[in-house]
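Raw contents of final_36.cif, mmCIF, C-alpha atoms:
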data_model
loop_
_atom_site.label_atom_id
_atom_site.label_comp_id
_atom_site.auth_asym_id
_atom_site.auth_seq_id
_atom_site.Cartn_x
_atom_site.Cartn_y
_atom_site.Cartn_z
CA MET A 18 -5.79 -21.47 -9.46
CA PRO A 19 -6.58 -17.91 -8.38
CA PRO A 20 -5.19 -15.14 -10.62
CA ASP A 21 -1.67 -13.87 -9.93
CA GLU A 22 -2.70 -10.23 -9.80
CA PHE A 23 -5.72 -8.39 -8.42
CA ASP A 24 -7.25 -6.16 -11.06
CA PHE A 25 -10.42 -4.70 -9.56
CA GLU A 26 -10.37 -2.00 -12.20
CA LYS A 27 -10.66 -4.60 -14.98
CA ILE A 28 -13.62 -6.29 -13.26
CA LEU A 29 -15.41 -2.96 -12.91
CA ARG A 30 -14.68 -1.98 -16.51
CA VAL A 31 -16.01 -5.30 -17.84
CA LEU A 32 -19.16 -4.98 -15.71
CA ALA A 33 -19.60 -1.42 -16.95
CA LEU A 34 -18.92 -2.41 -20.56
CA HIS A 35 -21.87 -4.80 -20.39
CA GLU A 36 -23.97 -2.08 -18.73
CA THR A 37 -24.57 -4.21 -15.67
CA ALA A 38 -26.50 -2.48 -12.87
CA PHE A 39 -24.79 -3.14 -9.54
CA ILE A 40 -23.76 -1.49 -6.29
CA ILE A 41 -20.29 -1.84 -4.80
CA VAL A 42 -20.43 -2.71 -1.11
CA GLY A 43 -17.81 -3.85 1.43
CA GLY A 44 -14.12 -3.00 1.59
CA LEU A 45 -13.71 -1.60 -1.90
CA CYS A 46 -16.69 0.68 -1.33
CA ALA A 47 -14.82 2.06 1.70
CA VAL A 48 -11.64 2.45 -0.38
CA LEU A 49 -13.49 4.35 -3.11
CA HIS A 50 -14.78 6.76 -0.47
CA GLY A 51 -11.18 7.34 0.60
CA ALA A 52 -10.84 5.02 3.62
CA PRO A 53 -7.30 3.59 3.91
CA VAL A 54 -8.38 -0.04 4.38
CA GLN A 55 -7.08 -3.14 2.69
CA THR A 56 -9.32 -5.51 0.77
CA TYR A 57 -8.77 -8.60 -1.33
CA ASP A 58 -12.06 -8.95 -3.12
CA LEU A 59 -14.75 -6.95 -4.82
CA ASP A 60 -18.28 -7.25 -3.37
CA ILE A 61 -21.20 -6.24 -5.55
CA VAL A 62 -24.98 -6.41 -5.21
CA PRO A 63 -26.48 -6.61 -8.72
CA SER A 64 -29.97 -5.73 -9.79
CA ARG A 65 -31.87 -9.01 -10.05
CA ASP A 66 -33.90 -7.84 -12.99
CA PRO A 67 -33.76 -10.70 -15.57
CA ALA A 68 -32.40 -8.39 -18.29
CA ASN A 69 -29.63 -7.24 -15.94
CA LEU A 70 -28.75 -10.80 -14.98
CA GLU A 71 -28.22 -11.53 -18.70
CA LYS A 72 -25.75 -8.64 -18.84
CA LEU A 73 -24.09 -9.90 -15.68
CA GLN A 74 -23.72 -13.32 -17.29
CA LEU A 75 -21.91 -11.81 -20.27
CA ALA A 76 -19.55 -9.98 -17.91
CA LEU A 77 -18.91 -13.10 -15.82
CA ASP A 78 -18.21 -15.11 -18.97
CA GLU A 79 -15.73 -12.51 -20.20
CA LEU A 80 -14.01 -12.55 -16.79
CA GLY A 81 -13.83 -16.36 -16.76
CA ALA A 82 -15.69 -16.54 -13.44
CA TYR A 83 -16.01 -19.75 -11.44
CA TYR A 84 -16.96 -20.62 -7.86
CA ARG A 85 -14.08 -20.23 -5.37
CA LYS A 86 -15.38 -23.03 -3.18
CA HIS A 87 -14.60 -25.65 -5.82
CA PRO A 88 -11.49 -24.36 -7.64
CA HIS A 89 -10.67 -27.71 -9.25
CA ARG A 90 -14.18 -28.36 -10.54
CA ARG A 91 -14.38 -24.82 -11.95
CA LEU A 92 -18.14 -24.55 -11.56
CA ILE A 93 -19.33 -21.77 -13.86
CA PRO A 94 -21.90 -19.39 -12.32
CA GLU A 95 -25.29 -19.04 -13.94
CA ALA A 96 -26.48 -15.49 -13.40
CA ALA A 97 -30.07 -16.45 -14.28
CA ARG A 98 -30.09 -18.41 -10.99
CA MET A 99 -28.91 -15.41 -8.96
CA THR A 100 -32.46 -14.40 -8.10
CA THR A 101 -32.26 -14.94 -4.33
CA ASN A 102 -30.46 -13.26 -1.44
CA GLY A 103 -27.67 -15.85 -1.74
CA HIS A 104 -23.96 -15.11 -2.04
CA HIS A 105 -21.91 -16.27 -5.01
CA LEU A 106 -18.22 -16.20 -4.14
CA LEU A 107 -16.30 -16.27 -7.40
CA ASN A 108 -12.80 -16.17 -8.75
CA THR A 109 -12.18 -14.41 -12.04
CA SER A 110 -9.20 -13.84 -14.30
CA ALA A 111 -8.84 -10.46 -12.55
CA GLY A 112 -9.34 -11.52 -8.94
CA PRO A 113 -12.06 -12.52 -6.49
CA LEU A 114 -15.57 -11.20 -7.11
CA ASP A 115 -18.42 -11.74 -4.66
CA VAL A 116 -21.86 -11.40 -6.21
CA LEU A 117 -24.29 -10.88 -3.33
CA GLY A 118 -28.04 -11.19 -3.78
CA ALA A 119 -28.47 -9.15 -0.61
CA ILE A 120 -26.36 -8.00 2.31
CA THR A 121 -27.02 -7.73 6.06
CA GLY A 122 -30.65 -7.16 6.89
CA GLY A 123 -31.77 -8.60 3.54
CA ARG A 124 -30.82 -5.39 1.73
CA ASP A 125 -30.94 -6.07 -1.99
CA TYR A 126 -30.18 -3.80 -4.93
CA MET A 127 -33.52 -1.99 -4.88
CA SER A 128 -33.44 -1.29 -1.14
CA LEU A 129 -29.79 -0.17 -1.27
CA LEU A 130 -30.27 2.06 -4.31
CA PRO A 131 -31.60 5.18 -2.49
CA HIS A 132 -28.50 5.12 -0.27
CA THR A 133 -25.87 5.11 -2.99
CA VAL A 134 -23.71 7.61 -4.83
CA LYS A 135 -22.33 7.51 -8.37
CA LEU A 136 -18.58 7.81 -8.82
CA GLU A 137 -16.93 8.56 -12.11
CA LEU A 138 -13.74 6.54 -12.63
CA ASP A 139 -13.05 8.30 -15.95
CA GLU A 140 -14.95 9.68 -18.94
CA THR A 141 -16.23 6.26 -19.95
CA THR A 142 -16.77 4.42 -16.67
CA TRP A 143 -18.78 5.18 -13.57
CA VAL A 144 -19.80 2.99 -10.66
CA ARG A 145 -22.42 3.15 -7.96
CA ILE A 146 -21.34 2.67 -4.34
CA ARG A 147 -23.11 2.76 -0.98
CA ASP A 148 -22.93 6.15 0.67
CA LEU A 149 -20.48 6.26 3.53
CA ALA A 150 -22.95 7.28 6.24
CA THR A 151 -25.17 4.29 5.45
CA LEU A 152 -22.17 1.98 5.30
CA ILE A 153 -21.19 3.10 8.80
CA LEU A 154 -24.74 2.70 10.15
CA THR A 155 -24.97 -0.85 8.81
CA LYS A 156 -21.65 -1.84 10.32
CA GLN A 157 -22.74 -0.38 13.66
CA GLU A 158 -25.96 -2.41 13.47
CA THR A 159 -24.31 -5.73 12.66
CA GLY A 160 -21.74 -5.49 15.45
CA ARG A 161 -19.59 -8.23 13.90
CA ASP A 162 -15.96 -8.22 14.95
CA LYS A 163 -14.69 -7.59 11.41
CA ASP A 164 -17.03 -4.62 11.12
CA LYS A 165 -16.06 -3.22 14.54
CA ILE A 166 -12.41 -3.20 13.45
CA MET A 167 -13.16 -1.11 10.37
CA LEU A 168 -15.61 1.30 12.04
CA PRO A 169 -13.17 3.86 13.53
CA VAL A 170 -11.47 4.33 10.14
CA LEU A 171 -14.81 4.73 8.35
CA ILE A 172 -16.11 7.23 10.89
CA ARG A 173 -12.91 9.30 10.74
CA THR A 174 -12.99 9.15 6.93
CA LEU A 175 -16.51 10.58 6.90
CA GLU A 176 -15.42 13.32 9.33
CA GLU A 177 -12.41 14.20 7.17
CA ILE A 178 -14.55 14.32 4.01
CA GLU A 179 -16.96 16.68 5.77
CA ARG A 180 -14.06 18.79 7.09
CA ALA A 181 -12.53 19.02 3.61
CA ALA A 182 -15.91 20.05 2.17
CA GLU A 183 -16.23 22.79 4.82
CA LEU A 184 -12.74 24.05 4.01
CA LEU A 185 -13.64 24.11 0.32
CA VAL A 186 -16.71 26.24 1.07
CA ILE A 187 -14.63 28.63 3.18
CA HIS A 188 -11.96 28.95 0.48
CA SER A 189 -14.45 29.44 -2.32
CA SER A 190 -16.34 32.11 -0.38
CA ASN A 191 -13.14 34.09 0.32
CA MET B 18 -11.12 25.64 16.13
CA THR B 19 -10.10 27.30 19.41
CA GLN B 20 -11.14 24.23 21.37
CA PHE B 21 -9.02 22.02 19.14
CA ILE B 22 -5.89 24.18 19.49
CA SER B 23 -6.12 24.23 23.26
CA LYS B 24 -6.43 20.46 23.26
CA ILE B 25 -3.17 20.08 21.34
CA GLU B 26 -1.37 22.36 23.74
CA ALA B 27 -2.65 20.37 26.72
CA HIS B 28 -1.92 16.90 25.32
CA PRO B 29 0.59 17.15 22.47
CA SER B 30 1.67 13.50 22.61
CA GLU B 31 -1.87 12.29 21.93
CA HIS B 32 -2.00 13.99 18.57
CA THR B 33 1.52 13.91 17.19
CA HIS B 34 4.41 11.57 16.70
CA PRO B 35 7.11 12.19 19.32
CA GLU B 36 9.49 13.41 16.63
CA GLN B 37 6.91 15.96 15.54
CA ASP B 38 6.35 17.44 19.01
CA GLY B 39 8.89 20.14 18.34
CA MET B 40 6.81 21.31 15.40
CA ILE B 41 3.76 22.18 17.46
CA GLY B 42 4.86 25.73 18.04
CA GLU B 43 5.32 26.30 14.33
CA PHE B 44 2.15 24.57 13.14
CA ARG B 45 -0.23 24.76 16.05
CA GLU B 46 -3.16 25.40 13.72
CA ASP B 47 -2.56 22.20 11.73
CA PRO B 48 -5.26 19.56 12.07
CA PRO B 49 -4.35 16.60 14.33
CA ILE B 50 -2.32 13.69 12.97
CA TYR B 51 -4.21 11.03 14.94
CA SER B 52 -7.81 10.85 16.07
CA ASP B 53 -8.61 10.23 19.74
CA ASP B 54 -9.08 6.53 18.93
CA GLY B 55 -5.68 6.29 17.22
CA VAL B 56 -6.65 6.43 13.55
CA ASP B 57 -3.93 7.94 11.34
CA LEU B 58 -5.75 10.91 9.84
CA THR B 59 -2.91 11.75 7.45
CA LEU B 60 -3.55 8.51 5.55
CA ILE B 61 -7.22 9.37 5.25
CA ARG B 62 -6.43 12.89 4.04
CA TRP B 63 -4.03 11.48 1.47
CA MET B 64 -6.60 8.95 0.21
CA ILE B 65 -9.31 11.61 0.02
CA SER B 66 -6.98 13.79 -2.04
CA LEU B 67 -6.79 11.08 -4.72
CA SER B 68 -9.34 10.55 -7.47
CA PRO B 69 -11.62 7.49 -7.09
CA LEU B 70 -9.67 5.72 -9.85
CA SER B 71 -6.37 6.40 -8.07
CA ARG B 72 -7.85 5.06 -4.80
CA LEU B 73 -8.89 1.91 -6.64
CA ARG B 74 -5.45 1.48 -8.16
CA THR B 75 -3.81 2.08 -4.78
CA ALA B 76 -5.89 -0.71 -3.24
CA GLN B 77 -4.91 -2.98 -6.13
CA ARG B 78 -1.23 -2.22 -5.71
CA TYR B 79 -1.37 -2.95 -1.98
CA ALA B 80 -3.27 -6.20 -2.51
CA ASN B 81 -0.79 -7.31 -5.17
CA SER B 82 2.19 -6.37 -2.99
CA ALA B 83 0.75 -8.36 -0.10
CA ARG B 84 0.24 -11.38 -2.37
CA ARG B 85 3.80 -11.16 -3.71
CA LEU B 86 5.16 -11.01 -0.15
CA GLN B 87 3.03 -14.02 0.83
CA ASN B 88 4.28 -16.00 -2.15
CA ALA B 89 7.88 -15.00 -1.46
CA SER B 90 7.65 -16.09 2.18
CA ARG B 91 6.29 -19.48 1.08
CA ARG B 92 9.33 -20.04 -1.13
CA VAL B 93 11.88 -19.26 1.63
#

Can you dump the structure from the file as structure tokens?
Amino acid sequence: MPPDEFDFEKILRVLALHETAFIIVGGLCAVLHGAPVQTYDLDIVPSRDPANLEKLQLALDELGAYYRKHPHRRLIPEAARMTTNGHHLLNTSAGPLDVLGAITGGRDYMSLLPHTVKLELDETTWVRIRDLATLILTKQETGRDKDKIMLPVLIRTLEEIERAAELLVIHSSN
Amino acid sequence: MTQFISKIEAHPSEHTHPEQDGMIGEFREDPPIYSDDGVDLTLIRWMISLSPLSRLRTAQRYANSARRLQNASRRV
């Protein structure tokens, strides 16, 4: 059975606790930038370095992860096998977690890394997310219906962030 | 900024709720409420004003509310 409550924060804290290197992509990435969109899972692209996959395994074990496709068989993911571009769609005790080897265009952790920003959740936890401009560009490239729907909100969010930054500069210079 | 203000004066209904039209004279320098493609900019501004952790928790609350509503409708 899927968990009763979504707790994305718990998933992120467990991943961070095990010092897993990963990038948040998808809907929650948009949310963290400030886009008012709704999402029901957490999409991450982990580094496929063997040492990192060991850390990921520890985090997945702690979260009680299993494949969503076969809820009754409760197939346990093996991070050591997550060395390809494949997608691992999991349920955890804190909600759905999609571990993506790569996203559209074969973009894996290393190719995404230069287009990311670090966000501090609090003094002890930070996460890395795709930068908003790149997220928009990718969604424009793919042209999928679900991406087209989200695009206007993402574009306006980027504009509002830029506008707020300009206002901040004006206020601080006065 | 001048361009934007003249646009509001020319097409107030495109940028404000009908009940807010009367406020244009008082707040004509306020930024628009909706974008040209209909996105509610006030929601974006509110989300941007939150910390990343608060944005995360907001998304969680909404997802959990939606799930509770789904479960409730199944029981009816």

* Up to 8 Å from chain B, what residues of chain A turn up? Count only C-alpha atoms and give them as a VMD selection string. => chain A and resid 22 to 26 45 48 to 53 55 to 57 136 to 139 169 to 170 173 to 174 177 to 178

Output the residue selection produced by the PyMOL selection byres ((chain A and resi 64) around 8) on the file above, formatted as a PDB file with C-alpha atoms, in the frame of the given file.
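Once everything was written out, this is expr-v1.pdb:
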ATOM      1  CA  ALA A  38     -26.500  -2.480 -12.870  1.00  0.00           C
ATOM      2  CA  PHE A  39     -24.790  -3.140  -9.540  1.00  0.00           C
ATOM      3  CA  VAL A  62     -24.980  -6.410  -5.210  1.00  0.00           C
ATOM      4  CA  PRO A  63     -26.480  -6.610  -8.720  1.00  0.00           C
ATOM      5  CA  ARG A  65     -31.870  -9.010 -10.050  1.00  0.00           C
ATOM      6  CA  ASP A  66     -33.900  -7.840 -12.990  1.00  0.00           C
ATOM      7  CA  ASN A  69     -29.630  -7.240 -15.940  1.00  0.00           C
ATOM      8  CA  LEU A  70     -28.750 -10.800 -14.980  1.00  0.00           C
ATOM      9  CA  ASP A 125     -30.940  -6.070  -1.990  1.00  0.00           C
ATOM     10  CA  TYR A 126     -30.180  -3.800  -4.930  1.00  0.00           C
ATOM     11  CA  MET A 127     -33.520  -1.990  -4.880  1.00  0.00           C
TER      12      MET A 127
END

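Note that CA of Gly123 in chain A and CA of Glu158 in chain A are 13.1 Å apart.
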
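Take CA of Leu77 in chain A and CA of Leu92 in chain A: the distance between them is 12.2 Å.
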
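Taking CA of Thr141 in chain A and CA of Pro67 in chain A as endpoints, the distance between them is 24.8 Å.
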
Just the residues within 9 Å of Leu130 in chain A, please, counting only C-alpha atoms, with nothing from its chain fewer than 4 positions along; format it as a PDB file with C-alpha atoms, keeping the file's coordinate frame.
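Listing of selection03.pdb after writing:
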ATOM      1  CA  ILE A  40     -23.760  -1.490  -6.290  1.00  0.00           C
ATOM      2  CA  ASP A 125     -30.940  -6.070  -1.990  1.00  0.00           C
ATOM      3  CA  TYR A 126     -30.180  -3.800  -4.930  1.00  0.00           C
ATOM      4  CA  VAL A 134     -23.710   7.610  -4.830  1.00  0.00           C
ATOM      5  CA  ARG A 145     -22.420   3.150  -7.960  1.00  0.00           C
ATOM      6  CA  ILE A 146     -21.340   2.670  -4.340  1.00  0.00           C
ATOM      7  CA  ARG A 147     -23.110   2.760  -0.980  1.00  0.00           C
TER       8      ARG A 147
END

* Asked: Which residues fall under the PyMOL selection byres ((chain A and resi 97-103) around 9) in this file, as a ChimeraX atom specification?
  -> /A:65-67,70-71,73-74,94-96,104-105,116-120,123-125

Would you output that residue set with C-alpha atoms, as a PDB file, in the frame of the given file?
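The new file out_19.pdb reads:
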ATOM      1  CA  ARG A  65     -31.870  -9.010 -10.050  1.00  0.00           C
ATOM      2  CA  ASP A  66     -33.900  -7.840 -12.990  1.00  0.00           C
ATOM      3  CA  PRO A  67     -33.760 -10.700 -15.570  1.00  0.00           C
ATOM      4  CA  LEU A  70     -28.750 -10.800 -14.980  1.00  0.00           C
ATOM      5  CA  GLU A  71     -28.220 -11.530 -18.700  1.00  0.00           C
ATOM      6  CA  LEU A  73     -24.090  -9.900 -15.680  1.00  0.00           C
ATOM      7  CA  GLN A  74     -23.720 -13.320 -17.290  1.00  0.00           C
ATOM      8  CA  PRO A  94     -21.900 -19.390 -12.320  1.00  0.00           C
ATOM      9  CA  GLU A  95     -25.290 -19.040 -13.940  1.00  0.00           C
ATOM     10  CA  ALA A  96     -26.480 -15.490 -13.400  1.00  0.00           C
ATOM     11  CA  HIS A 104     -23.960 -15.110  -2.040  1.00  0.00           C
ATOM     12  CA  HIS A 105     -21.910 -16.270  -5.010  1.00  0.00           C
ATOM     13  CA  VAL A 116     -21.860 -11.400  -6.210  1.00  0.00           C
ATOM     14  CA  LEU A 117     -24.290 -10.880  -3.330  1.00  0.00           C
ATOM     15  CA  GLY A 118     -28.040 -11.190  -3.780  1.00  0.00           C
ATOM     16  CA  ALA A 119     -28.470  -9.150  -0.610  1.00  0.00           C
ATOM     17  CA  ILE A 120     -26.360  -8.000   2.310  1.00  0.00           C
ATOM     18  CA  GLY A 123     -31.770  -8.600   3.540  1.00  0.00           C
ATOM     19  CA  ARG A 124     -30.820  -5.390   1.730  1.00  0.00           C
ATOM     20  CA  ASP A 125     -30.940  -6.070  -1.990  1.00  0.00           C
TER      21      ASP A 125
END

* Structure fact -> Nearest to Leu29 in chain A, restricted to all atoms listed in the file and choosing among A:Leu80, A:Arg85, A:Met167, A:Val186, comes out as A:Leu80
